[in-house]
Amino acid sequence: HVIPLTPEMVAFNELKEQIRVLEWGIENLSIKIGNDSGQFTQQNFDVLLAAINTAKIVRDNPNASLQDLLDANTTLHTAVLVFNSTINP
């Protein structure tokens, strides 16, 4: 008996995986916080953490709609792109 994947299930799994990868990276990679070259400011890191926490709220909401999940995926992806672009020169 095969359960068909709904768009909601796909979006949920993508969001769950995106959160998992980001949390693993934060725990296991050396993200340098500071104002020196090659570092990220605490403010920019906090913005990324807030985006992850917001995505977790959507992930943990059993009533999240497909649009909620898609929006959370997009917002989190954008937050990562912005964060990566804020490394101090």
# chains A, B, ... in the order shown; residues from 1 in each chain; ligands from 1
$ residues_around --residues "stretch 27-37 of chain A" --least-positions-apart "4" --cutoff "12 Å" --atoms "only C-alpha atoms" --output "VMD selection string"
chain A and resid 20 to 23 41 to 46 83 to 84 86 to 89
$ residues_around --residues "A:Val47" --least-positions-apart "6" --cutoff "10 Å" --atoms "only C-alpha atoms" --output "list in words"
Asn53, Ala79, Val80, Val82 and Phe83 of chain A
$ atom_distance --atom1 "atom CA of A:His77" --atom2 "atom CA of A:Pro7"
18.3 Å
$ closest_residue --among "A:Asn73, A:Gln67, A:Ser85, A:Thr54" --to "A:Glu14" --atoms "only C-alpha atoms"
A:Asn73
$ closest_residue --among "A:Ile19, A:Asn63, A:Trp24, A:Leu5" --to "A:Thr75" --atoms "only C-alpha atoms"
A:Ile19
$ atom_distance --atom1 "atom CA of A:Lys56" --atom2 "atom CA of A:Gln18"
10.3 Å
$ select_by_dssp --residues "chain A" --states "helix (DSSP H, G or I)" --output "number ranges by chain"
A: 7-28, 42-59, 66-84
$ residues_around --residues "stretch 57-62 of chain A" --least-positions-apart "2" --cutoff "8 Å" --atoms "only C-alpha atoms" --output "list in words"
Phe12, Leu15, Lys16, Asn53, Thr54, Ala55, Ala64, Asp68, Leu69 and Ala72 of chain A
$ atom_distance --atom1 "atom CA of A:Leu48" --atom2 "atom CA of A:Ile26"
10.4 Å
$ decode --residues "chain A" --atoms "C-alpha atoms" --output "tab-separated table (two decimals), in the first residue's frame"
chain	number	residue	atom	x	y	z
A	1	HIS	CA	0.00	0.00	0.00
A	2	VAL	CA	1.65	3.17	-1.24
A	3	ILE	CA	0.68	6.51	0.23
A	4	PRO	CA	0.76	9.19	-2.46
A	5	LEU	CA	2.87	12.23	-1.71
A	6	THR	CA	0.77	15.35	-1.52
A	7	PRO	CA	2.22	18.79	-2.28
A	8	GLU	CA	1.88	19.53	1.46
A	9	MET	CA	3.96	16.49	2.36
A	10	VAL	CA	6.66	17.46	-0.13
A	11	ALA	CA	6.79	21.06	1.13
A	12	PHE	CA	6.80	19.87	4.76
A	13	ASN	CA	9.67	17.46	4.10
A	14	GLU	CA	11.65	20.17	2.29
A	15	LEU	CA	11.17	22.57	5.20
A	16	LYS	CA	12.07	19.92	7.77
A	17	GLU	CA	15.24	19.03	5.86
A	18	GLN	CA	16.24	22.66	5.37
A	19	ILE	CA	15.92	23.27	9.12
A	20	ARG	CA	17.84	20.07	9.93
A	21	VAL	CA	20.73	20.98	7.63
A	22	LEU	CA	20.95	24.53	8.97
A	23	GLU	CA	20.89	23.40	12.60
A	24	TRP	CA	23.57	20.79	11.85
A	25	GLY	CA	25.69	23.45	10.17
A	26	ILE	CA	25.36	25.85	13.08
A	27	GLU	CA	26.34	23.13	15.55
A	28	ASN	CA	29.16	21.56	13.54
A	29	LEU	CA	30.66	24.23	11.33
A	30	SER	CA	32.81	27.04	12.50
A	31	ILE	CA	30.66	30.11	11.86
A	32	LYS	CA	32.78	32.95	13.09
A	33	ILE	CA	30.89	35.79	14.76
A	34	GLY	CA	32.51	39.19	15.03
A	35	ASN	CA	33.47	42.27	13.10
A	36	ASP	CA	36.68	41.03	11.52
A	37	SER	CA	37.19	39.93	7.93
A	38	GLY	CA	35.63	36.56	7.21
A	39	GLN	CA	33.22	36.82	10.13
A	40	PHE	CA	29.49	37.46	10.43
A	41	THR	CA	28.07	40.07	12.78
A	42	GLN	CA	26.02	38.87	15.73
A	43	GLN	CA	23.09	40.88	14.37
A	44	ASN	CA	23.15	39.03	11.04
A	45	PHE	CA	23.51	35.68	12.82
A	46	ASP	CA	20.54	36.53	15.04
A	47	VAL	CA	18.44	37.31	11.94
A	48	LEU	CA	19.28	33.86	10.55
A	49	LEU	CA	18.38	32.21	13.87
A	50	ALA	CA	15.07	34.09	13.93
A	51	ALA	CA	14.29	32.84	10.42
A	52	ILE	CA	15.04	29.26	11.50
A	53	ASN	CA	12.82	29.63	14.57
A	54	THR	CA	9.98	31.05	12.47
A	55	ALA	CA	10.31	28.11	10.08
A	56	LYS	CA	10.13	25.71	13.04
A	57	ILE	CA	6.83	27.28	14.12
A	58	VAL	CA	5.39	26.55	10.68
A	59	ARG	CA	6.92	23.06	10.66
A	60	ASP	CA	5.38	22.28	14.04
A	61	ASN	CA	1.93	23.64	13.13
A	62	PRO	CA	-0.30	20.70	12.19
A	63	ASN	CA	-2.69	23.13	10.52
A	64	ALA	CA	-0.08	24.76	8.28
A	65	SER	CA	-1.39	25.12	4.75
A	66	LEU	CA	0.54	24.36	1.61
A	67	GLN	CA	1.03	28.12	1.14
A	68	ASP	CA	2.34	28.44	4.74
A	69	LEU	CA	4.88	25.70	4.06
A	70	LEU	CA	5.93	27.12	0.70
A	71	ASP	CA	6.29	30.60	2.18
A	72	ALA	CA	8.36	29.28	5.10
A	73	ASN	CA	10.65	27.41	2.67
A	74	THR	CA	11.13	30.52	0.55
A	75	THR	CA	11.68	32.81	3.53
A	76	LEU	CA	14.23	30.47	5.08
A	77	HIS	CA	16.07	30.00	1.79
A	78	THR	CA	16.19	33.77	1.31
A	79	ALA	CA	17.46	34.27	4.88
A	80	VAL	CA	20.33	31.87	4.18
A	81	LEU	CA	21.24	33.66	0.95
A	82	VAL	CA	21.18	37.03	2.70
A	83	PHE	CA	23.20	35.70	5.65
A	84	ASN	CA	25.84	34.23	3.35
A	85	SER	CA	26.15	37.57	1.59
A	86	THR	CA	26.83	39.46	4.84
A	87	ILE	CA	30.25	38.01	5.60
A	88	ASN	CA	32.60	40.83	6.53
A	89	PRO	CA	35.10	41.61	3.77
